[in-house]
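Structure file coords.cif (mmCIF, N, CA and C atoms and all ligand atoms) follows.
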data_structure
#
loop_
_atom_site.label_atom_id
_atom_site.label_comp_id
_atom_site.auth_asym_id
_atom_site.auth_seq_id
_atom_site.Cartn_x
_atom_site.Cartn_y
_atom_site.Cartn_z
N MET A 24 -130.55 -33.93 -30.57
CA MET A 24 -129.58 -35.04 -30.64
C MET A 24 -128.82 -35.12 -29.30
N PRO A 25 -128.71 -36.32 -28.69
CA PRO A 25 -127.99 -36.39 -27.42
C PRO A 25 -126.51 -36.11 -27.60
N LYS A 26 -125.91 -35.46 -26.59
CA LYS A 26 -124.48 -35.14 -26.65
C LYS A 26 -123.66 -36.40 -26.43
N THR A 27 -122.60 -36.56 -27.20
CA THR A 27 -121.72 -37.72 -27.01
C THR A 27 -120.86 -37.47 -25.78
N LYS A 28 -120.87 -38.43 -24.87
CA LYS A 28 -120.05 -38.29 -23.67
C LYS A 28 -118.60 -38.63 -24.02
N VAL A 29 -117.69 -37.76 -23.61
CA VAL A 29 -116.28 -38.02 -23.93
C VAL A 29 -115.51 -38.38 -22.66
N ASP A 30 -114.39 -39.05 -22.86
CA ASP A 30 -113.59 -39.54 -21.75
C ASP A 30 -112.31 -38.72 -21.58
N PHE A 31 -112.42 -37.41 -21.76
CA PHE A 31 -111.27 -36.53 -21.53
C PHE A 31 -111.79 -35.16 -21.10
N ASP A 32 -110.91 -34.41 -20.43
CA ASP A 32 -111.32 -33.10 -19.92
C ASP A 32 -110.22 -32.08 -20.25
N CYS A 33 -110.45 -31.32 -21.30
CA CYS A 33 -109.43 -30.36 -21.76
C CYS A 33 -109.13 -29.31 -20.68
N GLY A 34 -110.08 -29.07 -19.80
CA GLY A 34 -109.87 -28.09 -18.72
C GLY A 34 -108.82 -28.54 -17.72
N LYS A 35 -108.52 -29.84 -17.70
CA LYS A 35 -107.51 -30.36 -16.76
C LYS A 35 -106.20 -30.69 -17.47
N CYS A 36 -106.11 -30.32 -18.71
CA CYS A 36 -104.94 -30.66 -19.54
C CYS A 36 -104.22 -29.36 -19.94
N PRO A 37 -102.89 -29.36 -19.95
CA PRO A 37 -102.17 -28.14 -20.35
C PRO A 37 -102.16 -27.86 -21.86
N GLY A 38 -102.99 -28.59 -22.61
CA GLY A 38 -103.14 -28.28 -24.03
C GLY A 38 -102.10 -28.92 -24.93
N TYR A 39 -101.85 -30.17 -24.68
CA TYR A 39 -100.83 -30.87 -25.48
C TYR A 39 -101.10 -30.78 -26.98
N CYS A 40 -102.36 -30.95 -27.38
CA CYS A 40 -102.66 -30.96 -28.82
C CYS A 40 -102.29 -29.62 -29.48
N CYS A 41 -102.31 -28.54 -28.72
CA CYS A 41 -101.98 -27.23 -29.29
C CYS A 41 -100.47 -27.03 -29.39
N SER A 42 -99.70 -28.01 -28.89
CA SER A 42 -98.24 -27.94 -29.04
C SER A 42 -97.79 -28.70 -30.29
N TYR A 43 -98.73 -29.35 -30.94
CA TYR A 43 -98.38 -30.09 -32.17
C TYR A 43 -97.91 -29.08 -33.22
N PRO A 44 -96.70 -29.26 -33.76
CA PRO A 44 -96.13 -28.21 -34.62
C PRO A 44 -96.78 -28.04 -35.99
N ARG A 45 -97.51 -29.05 -36.43
CA ARG A 45 -97.99 -28.99 -37.82
C ARG A 45 -99.53 -28.91 -37.85
N ILE A 46 -100.06 -27.74 -37.53
CA ILE A 46 -101.51 -27.52 -37.60
C ILE A 46 -101.79 -26.90 -38.97
N VAL A 47 -102.28 -27.73 -39.87
CA VAL A 47 -102.48 -27.30 -41.25
C VAL A 47 -103.78 -26.51 -41.39
N VAL A 48 -103.71 -25.40 -42.12
CA VAL A 48 -104.91 -24.60 -42.35
C VAL A 48 -105.29 -24.62 -43.83
N THR A 49 -106.59 -24.72 -44.06
CA THR A 49 -107.14 -24.73 -45.42
C THR A 49 -107.63 -23.32 -45.76
N LYS A 50 -108.09 -23.16 -46.99
CA LYS A 50 -108.62 -21.85 -47.39
C LYS A 50 -109.85 -21.50 -46.53
N THR A 51 -110.68 -22.50 -46.24
CA THR A 51 -111.86 -22.26 -45.40
C THR A 51 -111.44 -21.78 -44.01
N ASP A 52 -110.39 -22.40 -43.46
CA ASP A 52 -109.89 -21.99 -42.14
C ASP A 52 -109.40 -20.54 -42.18
N LEU A 53 -108.67 -20.20 -43.25
CA LEU A 53 -108.13 -18.84 -43.38
C LEU A 53 -109.27 -17.83 -43.50
N GLN A 54 -110.31 -18.20 -44.26
CA GLN A 54 -111.45 -17.29 -44.43
C GLN A 54 -112.16 -17.07 -43.09
N ARG A 55 -112.28 -18.14 -42.31
CA ARG A 55 -112.95 -18.04 -41.00
C ARG A 55 -112.15 -17.13 -40.07
N LEU A 56 -110.83 -17.32 -40.09
CA LEU A 56 -109.96 -16.49 -39.24
C LEU A 56 -109.98 -15.03 -39.71
N ALA A 57 -110.01 -14.84 -41.03
CA ALA A 57 -110.03 -13.48 -41.57
C ALA A 57 -111.30 -12.76 -41.11
N LYS A 58 -112.42 -13.47 -41.15
CA LYS A 58 -113.69 -12.88 -40.71
C LYS A 58 -113.62 -12.58 -39.21
N HIS A 59 -113.07 -13.51 -38.46
CA HIS A 59 -112.97 -13.37 -37.00
C HIS A 59 -112.17 -12.11 -36.62
N PHE A 60 -111.07 -11.88 -37.33
CA PHE A 60 -110.20 -10.75 -36.99
C PHE A 60 -110.53 -9.48 -37.79
N GLY A 61 -111.42 -9.61 -38.79
CA GLY A 61 -111.70 -8.46 -39.64
C GLY A 61 -110.48 -8.10 -40.49
N LEU A 62 -109.77 -9.11 -40.95
CA LEU A 62 -108.57 -8.91 -41.75
C LEU A 62 -108.74 -9.52 -43.13
N SER A 63 -107.84 -9.20 -44.04
CA SER A 63 -107.87 -9.83 -45.36
C SER A 63 -107.20 -11.21 -45.26
N LEU A 64 -107.43 -12.03 -46.26
CA LEU A 64 -106.79 -13.35 -46.28
C LEU A 64 -105.27 -13.22 -46.23
N ASP A 65 -104.74 -12.27 -47.00
CA ASP A 65 -103.28 -12.09 -47.03
C ASP A 65 -102.74 -11.66 -45.67
N GLN A 66 -103.50 -10.82 -44.98
CA GLN A 66 -103.05 -10.38 -43.64
C GLN A 66 -103.03 -11.56 -42.66
N VAL A 67 -104.07 -12.40 -42.73
CA VAL A 67 -104.13 -13.57 -41.85
C VAL A 67 -102.97 -14.52 -42.17
N LYS A 68 -102.76 -14.73 -43.46
CA LYS A 68 -101.67 -15.63 -43.87
C LYS A 68 -100.34 -15.15 -43.33
N SER A 69 -100.03 -13.88 -43.51
CA SER A 69 -98.71 -13.41 -43.11
C SER A 69 -98.57 -13.26 -41.59
N ARG A 70 -99.63 -12.89 -40.89
CA ARG A 70 -99.51 -12.70 -39.44
C ARG A 70 -99.49 -14.01 -38.65
N TYR A 71 -100.32 -14.95 -39.10
CA TYR A 71 -100.55 -16.12 -38.25
C TYR A 71 -100.09 -17.46 -38.83
N THR A 72 -99.68 -17.47 -40.08
CA THR A 72 -99.32 -18.75 -40.70
C THR A 72 -97.97 -18.66 -41.43
N ARG A 73 -97.48 -19.81 -41.80
CA ARG A 73 -96.28 -19.87 -42.63
C ARG A 73 -96.36 -21.10 -43.51
N THR A 74 -95.59 -21.13 -44.57
CA THR A 74 -95.58 -22.32 -45.42
C THR A 74 -94.62 -23.34 -44.83
N TYR A 75 -94.91 -24.57 -45.09
CA TYR A 75 -94.10 -25.66 -44.53
C TYR A 75 -94.02 -26.75 -45.59
N ARG A 76 -92.77 -27.26 -45.77
CA ARG A 76 -92.60 -28.33 -46.74
C ARG A 76 -92.46 -29.65 -46.00
N PHE A 77 -93.42 -30.53 -46.14
CA PHE A 77 -93.37 -31.83 -45.49
C PHE A 77 -92.56 -32.78 -46.35
N GLU A 78 -91.45 -33.28 -45.77
CA GLU A 78 -90.55 -34.16 -46.52
C GLU A 78 -90.85 -35.63 -46.19
N SER A 79 -90.66 -36.47 -47.16
CA SER A 79 -90.89 -37.90 -46.97
C SER A 79 -90.05 -38.67 -47.98
N ASP A 80 -89.75 -39.92 -47.65
CA ASP A 80 -89.03 -40.76 -48.60
C ASP A 80 -89.89 -41.01 -49.84
N LYS A 81 -91.20 -41.04 -49.60
CA LYS A 81 -92.12 -41.26 -50.72
C LYS A 81 -92.47 -39.94 -51.38
N ALA A 82 -92.17 -39.85 -52.67
CA ALA A 82 -92.41 -38.60 -53.39
C ALA A 82 -93.87 -38.16 -53.30
N GLU A 83 -94.81 -39.13 -53.32
CA GLU A 83 -96.23 -38.78 -53.31
C GLU A 83 -96.69 -38.18 -51.98
N ASP A 84 -95.89 -38.40 -50.91
CA ASP A 84 -96.25 -37.85 -49.59
C ASP A 84 -95.67 -36.46 -49.35
N ARG A 85 -94.76 -36.03 -50.21
CA ARG A 85 -94.14 -34.72 -50.01
C ARG A 85 -95.13 -33.62 -50.38
N VAL A 86 -95.37 -32.73 -49.45
CA VAL A 86 -96.33 -31.66 -49.73
C VAL A 86 -95.83 -30.32 -49.19
N LYS A 87 -96.31 -29.27 -49.85
CA LYS A 87 -96.06 -27.93 -49.33
C LYS A 87 -97.39 -27.47 -48.77
N GLU A 88 -97.42 -27.09 -47.51
CA GLU A 88 -98.70 -26.74 -46.90
C GLU A 88 -98.58 -25.47 -46.08
N ARG A 89 -99.73 -24.95 -45.63
CA ARG A 89 -99.72 -23.75 -44.78
C ARG A 89 -100.09 -24.16 -43.37
N ILE A 90 -99.25 -23.78 -42.42
CA ILE A 90 -99.49 -24.17 -41.03
C ILE A 90 -99.53 -22.94 -40.12
N LEU A 91 -100.10 -23.10 -38.91
CA LEU A 91 -100.15 -21.99 -37.96
C LEU A 91 -98.76 -21.75 -37.37
N LYS A 92 -98.41 -20.49 -37.16
CA LYS A 92 -97.13 -20.15 -36.53
C LYS A 92 -97.15 -20.58 -35.08
N HIS A 93 -95.98 -20.83 -34.54
CA HIS A 93 -95.82 -21.24 -33.15
C HIS A 93 -95.06 -20.19 -32.36
N LYS A 94 -95.14 -20.33 -31.01
CA LYS A 94 -94.33 -19.49 -30.12
C LYS A 94 -93.80 -20.37 -29.01
N LYS A 95 -92.68 -19.99 -28.41
CA LYS A 95 -92.06 -20.78 -27.34
C LYS A 95 -93.01 -20.89 -26.15
N ASP A 96 -92.92 -22.03 -25.46
CA ASP A 96 -93.82 -22.26 -24.33
C ASP A 96 -93.01 -22.66 -23.10
N HIS A 97 -93.59 -22.50 -21.90
CA HIS A 97 -92.88 -22.87 -20.67
C HIS A 97 -93.20 -24.31 -20.24
N ILE A 98 -94.13 -24.97 -20.90
CA ILE A 98 -94.43 -26.38 -20.58
C ILE A 98 -93.95 -27.29 -21.71
N TYR A 99 -94.44 -27.03 -22.90
CA TYR A 99 -93.99 -27.78 -24.06
C TYR A 99 -92.94 -26.94 -24.79
N GLU A 100 -92.35 -27.50 -25.80
CA GLU A 100 -91.32 -26.76 -26.53
C GLU A 100 -91.91 -25.47 -27.13
N SER A 101 -93.08 -25.62 -27.72
CA SER A 101 -93.77 -24.46 -28.29
C SER A 101 -95.25 -24.79 -28.40
N THR A 102 -96.04 -23.74 -28.63
CA THR A 102 -97.48 -23.97 -28.88
C THR A 102 -97.89 -23.09 -30.06
N CYS A 103 -99.07 -23.37 -30.54
CA CYS A 103 -99.70 -22.55 -31.56
C CYS A 103 -99.73 -21.10 -31.07
N GLY A 104 -99.58 -20.17 -31.99
CA GLY A 104 -99.59 -18.76 -31.65
C GLY A 104 -100.92 -18.29 -31.07
N PHE A 105 -101.98 -19.00 -31.32
CA PHE A 105 -103.30 -18.63 -30.81
C PHE A 105 -103.57 -19.19 -29.40
N PHE A 106 -102.60 -19.91 -28.86
CA PHE A 106 -102.82 -20.55 -27.57
C PHE A 106 -102.45 -19.59 -26.44
N ASP A 107 -103.35 -19.39 -25.49
CA ASP A 107 -103.05 -18.58 -24.30
C ASP A 107 -102.23 -19.47 -23.36
N GLN A 108 -100.95 -19.15 -23.20
CA GLN A 108 -100.05 -20.03 -22.46
C GLN A 108 -100.19 -19.91 -20.94
N ASP A 109 -100.91 -18.92 -20.46
CA ASP A 109 -101.19 -18.83 -19.02
C ASP A 109 -102.49 -19.55 -18.71
N LEU A 110 -103.52 -19.26 -19.46
CA LEU A 110 -104.83 -19.89 -19.21
C LEU A 110 -104.92 -21.29 -19.82
N ARG A 111 -103.96 -21.63 -20.70
CA ARG A 111 -103.89 -22.93 -21.37
C ARG A 111 -105.17 -23.22 -22.16
N ARG A 112 -105.52 -22.25 -23.00
CA ARG A 112 -106.68 -22.47 -23.86
C ARG A 112 -106.56 -21.67 -25.16
N CYS A 113 -107.41 -22.06 -26.12
CA CYS A 113 -107.41 -21.43 -27.43
C CYS A 113 -108.06 -20.04 -27.35
N THR A 114 -107.43 -19.05 -27.99
CA THR A 114 -108.00 -17.70 -27.98
C THR A 114 -108.89 -17.44 -29.19
N VAL A 115 -108.95 -18.40 -30.11
CA VAL A 115 -109.80 -18.21 -31.30
C VAL A 115 -110.75 -19.40 -31.42
N TYR A 116 -111.22 -19.87 -30.29
CA TYR A 116 -111.98 -21.13 -30.26
C TYR A 116 -113.09 -21.19 -31.32
N ALA A 117 -113.89 -20.13 -31.42
CA ALA A 117 -115.00 -20.13 -32.37
C ALA A 117 -114.51 -20.13 -33.83
N ALA A 118 -113.30 -19.68 -34.04
CA ALA A 118 -112.76 -19.57 -35.40
C ALA A 118 -111.59 -20.53 -35.63
N ARG A 119 -111.44 -21.51 -34.77
CA ARG A 119 -110.29 -22.42 -34.89
C ARG A 119 -110.40 -23.26 -36.16
N PRO A 120 -109.26 -23.71 -36.68
CA PRO A 120 -109.26 -24.52 -37.92
C PRO A 120 -109.99 -25.85 -37.77
N ASN A 121 -110.39 -26.41 -38.88
CA ASN A 121 -111.12 -27.69 -38.85
C ASN A 121 -110.33 -28.80 -38.18
N VAL A 122 -109.03 -28.83 -38.39
CA VAL A 122 -108.23 -29.91 -37.82
C VAL A 122 -108.32 -29.87 -36.28
N CYS A 123 -108.45 -28.69 -35.71
CA CYS A 123 -108.59 -28.56 -34.25
C CYS A 123 -110.00 -28.99 -33.83
N ARG A 124 -110.99 -28.67 -34.67
CA ARG A 124 -112.37 -29.07 -34.35
C ARG A 124 -112.52 -30.58 -34.35
N ASP A 125 -111.78 -31.23 -35.21
CA ASP A 125 -111.92 -32.69 -35.38
C ASP A 125 -111.10 -33.50 -34.38
N PHE A 126 -110.27 -32.82 -33.57
CA PHE A 126 -109.39 -33.56 -32.66
C PHE A 126 -109.96 -33.56 -31.25
N PRO A 127 -109.90 -34.65 -30.50
CA PRO A 127 -109.49 -35.96 -30.95
C PRO A 127 -110.62 -36.65 -31.69
N ASP A 128 -110.29 -37.60 -32.49
CA ASP A 128 -111.26 -38.28 -33.33
C ASP A 128 -111.88 -39.44 -32.55
N GLY A 129 -112.88 -39.15 -31.75
CA GLY A 129 -113.50 -40.21 -30.95
C GLY A 129 -113.74 -39.75 -29.52
N LYS A 130 -114.12 -40.68 -28.68
CA LYS A 130 -114.47 -40.34 -27.31
C LYS A 130 -113.25 -40.17 -26.41
N LYS A 131 -112.12 -40.73 -26.85
CA LYS A 131 -110.91 -40.68 -26.02
C LYS A 131 -109.85 -39.78 -26.63
N CYS A 132 -109.00 -39.22 -25.75
CA CYS A 132 -107.82 -38.50 -26.20
C CYS A 132 -106.64 -39.28 -25.62
N GLY A 133 -105.77 -39.77 -26.47
CA GLY A 133 -104.64 -40.59 -26.02
C GLY A 133 -103.78 -39.87 -24.99
N TYR A 134 -103.52 -38.57 -25.23
CA TYR A 134 -102.68 -37.84 -24.29
C TYR A 134 -103.37 -37.71 -22.94
N TYR A 135 -104.68 -37.47 -22.95
CA TYR A 135 -105.39 -37.31 -21.67
C TYR A 135 -105.37 -38.61 -20.87
N SER A 136 -105.52 -39.74 -21.54
CA SER A 136 -105.47 -41.04 -20.85
C SER A 136 -104.10 -41.21 -20.21
N PHE A 137 -103.05 -40.83 -20.92
CA PHE A 137 -101.68 -40.89 -20.42
C PHE A 137 -101.50 -39.96 -19.21
N LEU A 138 -102.03 -38.74 -19.35
CA LEU A 138 -101.94 -37.73 -18.29
C LEU A 138 -102.64 -38.23 -17.02
N LYS A 139 -103.83 -38.79 -17.20
CA LYS A 139 -104.63 -39.27 -16.07
C LYS A 139 -103.89 -40.41 -15.35
N PHE A 140 -103.34 -41.30 -16.15
CA PHE A 140 -102.61 -42.45 -15.59
C PHE A 140 -101.40 -41.95 -14.79
N GLU A 141 -100.62 -41.04 -15.36
CA GLU A 141 -99.41 -40.54 -14.70
C GLU A 141 -99.75 -39.76 -13.43
N ARG A 142 -100.81 -38.98 -13.47
CA ARG A 142 -101.20 -38.19 -12.29
C ARG A 142 -101.62 -39.10 -11.15
N LYS A 143 -102.34 -40.16 -11.49
CA LYS A 143 -102.77 -41.11 -10.48
C LYS A 143 -101.54 -41.83 -9.91
N HIS A 144 -100.67 -42.24 -10.79
CA HIS A 144 -99.46 -42.97 -10.42
C HIS A 144 -98.55 -42.13 -9.51
N GLN A 145 -98.44 -40.82 -9.84
CA GLN A 145 -97.58 -39.92 -9.06
C GLN A 145 -98.28 -39.39 -7.81
N GLY A 146 -99.61 -39.58 -7.73
CA GLY A 146 -100.36 -39.03 -6.60
C GLY A 146 -100.38 -37.51 -6.63
N ASP A 147 -100.30 -36.94 -7.83
CA ASP A 147 -100.27 -35.48 -7.97
C ASP A 147 -101.23 -35.08 -9.10
N PRO A 148 -102.36 -34.45 -8.73
CA PRO A 148 -103.36 -34.11 -9.76
C PRO A 148 -102.92 -33.05 -10.76
N ASP A 149 -101.78 -32.40 -10.46
CA ASP A 149 -101.29 -31.37 -11.39
C ASP A 149 -100.04 -31.81 -12.15
N PHE A 150 -99.62 -33.04 -11.96
CA PHE A 150 -98.40 -33.51 -12.60
C PHE A 150 -98.51 -33.42 -14.13
N ILE A 151 -97.42 -32.96 -14.75
CA ILE A 151 -97.40 -32.88 -16.22
C ILE A 151 -96.22 -33.73 -16.72
N PRO A 152 -96.49 -34.89 -17.27
CA PRO A 152 -95.40 -35.73 -17.77
C PRO A 152 -94.87 -35.19 -19.09
N SER A 153 -93.61 -35.48 -19.39
CA SER A 153 -93.11 -35.10 -20.71
C SER A 153 -93.68 -36.11 -21.70
N ALA A 154 -94.17 -35.60 -22.81
CA ALA A 154 -94.88 -36.46 -23.77
C ALA A 154 -93.90 -37.34 -24.54
S1 LIG A 201 -104.51 -33.07 -25.62
FE1 LIG A 201 -106.58 -33.96 -25.42
S2 LIG A 201 -107.27 -33.41 -23.35
FE2 LIG A 201 -105.51 -32.11 -23.87
S3 LIG A 201 -106.44 -30.21 -24.66
FE3 LIG A 201 -106.00 -31.58 -26.41
S4 LIG A 201 -107.90 -32.74 -26.75
FE4 LIG A 201 -108.03 -31.83 -24.70
S1 LIG A 202 -106.08 -22.75 -33.22
FE1 LIG A 202 -106.64 -23.01 -31.09
S2 LIG A 202 -107.22 -25.16 -30.88
FE2 LIG A 202 -106.04 -24.96 -32.78
S3 LIG A 202 -103.90 -25.40 -32.23
FE3 LIG A 202 -104.20 -23.19 -32.09
S4 LIG A 202 -104.72 -22.77 -29.96
FE4 LIG A 202 -105.03 -24.97 -30.33
#
Please express what this file holds, its structure, as structure tokens.
Amino acid sequence: MPKTKVDFDCGKCPGYCCSYPRIVVTKTDLQRLAKHFGLSLDQVKSRYTRTYRFESDKAEDRVKERILKHKKDHIYESTCGFFDQDLRRCTVYAARPNVCRDFPDGKKCGYYSFLKFERKHQGDPDFIPSA
């Protein structure tokens, strides 16, 4: 099957998507991480995740979910705990959650298009705009 050509380059991006605070993990994600680390599900849950209550005006949208823990970052406010903040990449790439595998949904990444535009505009290939 031919590879789909994408219009973004994660290697030139400081990992904006990994700064998203609400990376939801499913049971399948937890099992994959548990296998990756050789840990039990409960160990993975307590070390790397926490519960989060999503609030909304609409009762049907309110959910309690499990998300990845974050840590403070020097570029964004915080990033996922699995993100290497010096190398700006995922440390569990092969075992990353499905939501990370599915992002971005399509050939373009909105943040990368913004980054590319700002870098060209500033004449600085390393410029990092605030999102
Ligand atoms: S924000 Fe887009 S370009 Fe940056 S790391 Fe994520 S997917 Fe890649
Ligand atoms: S698991 Fe990896 S790809 Fe997903 S948010 Fe964390 S560092 Fe980013």
With all atoms listed in the file counted, collect every polymer residue having an atom within 8 Å of ligand LIG 201 (chain A); state the result as number ranges by chain. A: 30-42, 111-112, 126-128, 131-136
Report as a tab-separated table the residues of chain A within 6 Å of ligand LIG 202 (chain A), each with its shortest atom pair and distance in Å (one decimal), using only C-alpha atoms and all ligand atoms, ordered by chain and increasing residue number.
residue	atom	partner	partner_atom	distance
A:Cys41	CA	A:LIG202	FE4	3.9
A:Cys103	CA	A:LIG202	FE3	4.6
A:Phe105	CA	A:LIG202	S4	4.5
A:Phe106	CA	A:LIG202	S4	3.8
A:Cys113	CA	A:LIG202	S4	3.9
A:Val115	CA	A:LIG202	FE1	5.8
A:Tyr116	CA	A:LIG202	FE1	5.7
A:Arg119	CA	A:LIG202	S1	4.5
A:Pro120	CA	A:LIG202	S1	5.9
A:Cys123	CA	A:LIG202	FE2	4.7
Spatial neighbours of Ile90 of chain A, 6.5 Å, all atoms listed in the file, chain gap at least 5 places, as a list of chain:residue names: A:Arg45, A:Ile46, A:Val47, A:Val48, A:Tyr71, A:Thr72, A:Arg73, A:Thr74, A:Tyr75
Around (-110.0, -30.2, -42.3), as given in the file, which residues come within 7 Å? Count only C-alpha atoms and list them as a ChimeraX atom specification. /A:49,121-122
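For chain A, backbone-based DSSP labels the following residues as strand (DSSP E or B): A:Val47, A:Thr72, A:Arg73, A:Thr74, A:Tyr75, A:Arg76, A:Phe77, A:Val86, A:Lys87, A:Glu88, A:Arg89, A:Ile90, A:Leu91, A:His93, A:Lys94, A:Lys95, A:Ser101, A:Thr102, A:Cys103, A:Phe106, A:Asp107, A:Arg112, A:Cys113.
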Go ahead and save the residues from that selection, with N, CA and C atoms, as a compact mmCIF listing (two decimals), in the coordinates of the input.
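Output file again_39.txt is given in full below:
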# COMPACT_ATOMS: atom_id res chain seq x y z
N VAL A 47 -102.28 -27.73 -39.87
CA VAL A 47 -102.48 -27.30 -41.25
C VAL A 47 -103.78 -26.51 -41.39
N THR A 72 -99.68 -17.47 -40.08
CA THR A 72 -99.32 -18.75 -40.70
C THR A 72 -97.97 -18.66 -41.43
N ARG A 73 -97.48 -19.81 -41.80
CA ARG A 73 -96.28 -19.87 -42.63
C ARG A 73 -96.36 -21.10 -43.51
N THR A 74 -95.59 -21.13 -44.57
CA THR A 74 -95.58 -22.32 -45.42
C THR A 74 -94.62 -23.34 -44.83
N TYR A 75 -94.91 -24.57 -45.09
CA TYR A 75 -94.10 -25.66 -44.53
C TYR A 75 -94.02 -26.75 -45.59
N ARG A 76 -92.77 -27.26 -45.77
CA ARG A 76 -92.60 -28.33 -46.74
C ARG A 76 -92.46 -29.65 -46.00
N PHE A 77 -93.42 -30.53 -46.14
CA PHE A 77 -93.37 -31.83 -45.49
C PHE A 77 -92.56 -32.78 -46.35
N VAL A 86 -95.37 -32.73 -49.45
CA VAL A 86 -96.33 -31.66 -49.73
C VAL A 86 -95.83 -30.32 -49.19
N LYS A 87 -96.31 -29.27 -49.85
CA LYS A 87 -96.06 -27.93 -49.33
C LYS A 87 -97.39 -27.47 -48.77
N GLU A 88 -97.42 -27.09 -47.51
CA GLU A 88 -98.70 -26.74 -46.90
C GLU A 88 -98.58 -25.47 -46.08
N ARG A 89 -99.73 -24.95 -45.63
CA ARG A 89 -99.72 -23.75 -44.78
C ARG A 89 -100.09 -24.16 -43.37
N ILE A 90 -99.25 -23.78 -42.42
CA ILE A 90 -99.49 -24.17 -41.03
C ILE A 90 -99.53 -22.94 -40.12
N LEU A 91 -100.10 -23.10 -38.91
CA LEU A 91 -100.15 -21.99 -37.96
C LEU A 91 -98.76 -21.75 -37.37
N HIS A 93 -95.98 -20.83 -34.54
CA HIS A 93 -95.82 -21.24 -33.15
C HIS A 93 -95.06 -20.19 -32.36
N LYS A 94 -95.14 -20.33 -31.01
CA LYS A 94 -94.33 -19.49 -30.12
C LYS A 94 -93.80 -20.37 -29.01
N LYS A 95 -92.68 -19.99 -28.41
CA LYS A 95 -92.06 -20.78 -27.34
C LYS A 95 -93.01 -20.89 -26.15
N SER A 101 -93.08 -25.62 -27.72
CA SER A 101 -93.77 -24.46 -28.29
C SER A 101 -95.25 -24.79 -28.40
N THR A 102 -96.04 -23.74 -28.63
CA THR A 102 -97.48 -23.97 -28.88
C THR A 102 -97.89 -23.09 -30.06
N CYS A 103 -99.07 -23.37 -30.54
CA CYS A 103 -99.70 -22.55 -31.56
C CYS A 103 -99.73 -21.10 -31.07
N PHE A 106 -102.60 -19.91 -28.86
CA PHE A 106 -102.82 -20.55 -27.57
C PHE A 106 -102.45 -19.59 -26.44
N ASP A 107 -103.35 -19.39 -25.49
CA ASP A 107 -103.05 -18.58 -24.30
C ASP A 107 -102.23 -19.47 -23.36
N ARG A 112 -105.52 -22.25 -23.00
CA ARG A 112 -106.68 -22.47 -23.86
C ARG A 112 -106.56 -21.67 -25.16
N CYS A 113 -107.41 -22.06 -26.12
CA CYS A 113 -107.41 -21.43 -27.43
C CYS A 113 -108.06 -20.04 -27.35
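Take atom N of Asp84 of chain A and atom CA of Lys50 of chain A: the distance between them is 21.2 Å.
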Expected answer as an MDAnalysis selection string: helix (DSSP H, G or I) residues in chain A: chainID A and resid 33:35 39:42 50:60 64:71 82:84 116:118 121:124 133:145
What does the distance from atom CA of Glu100 of chain A to atom N of Leu138 of chain A come to in Å, to one decimal? 17.6 Å
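Interatomic distance, atom N of Leu110 of chain A to atom CA of Val67 of chain A: 23.1 Å.
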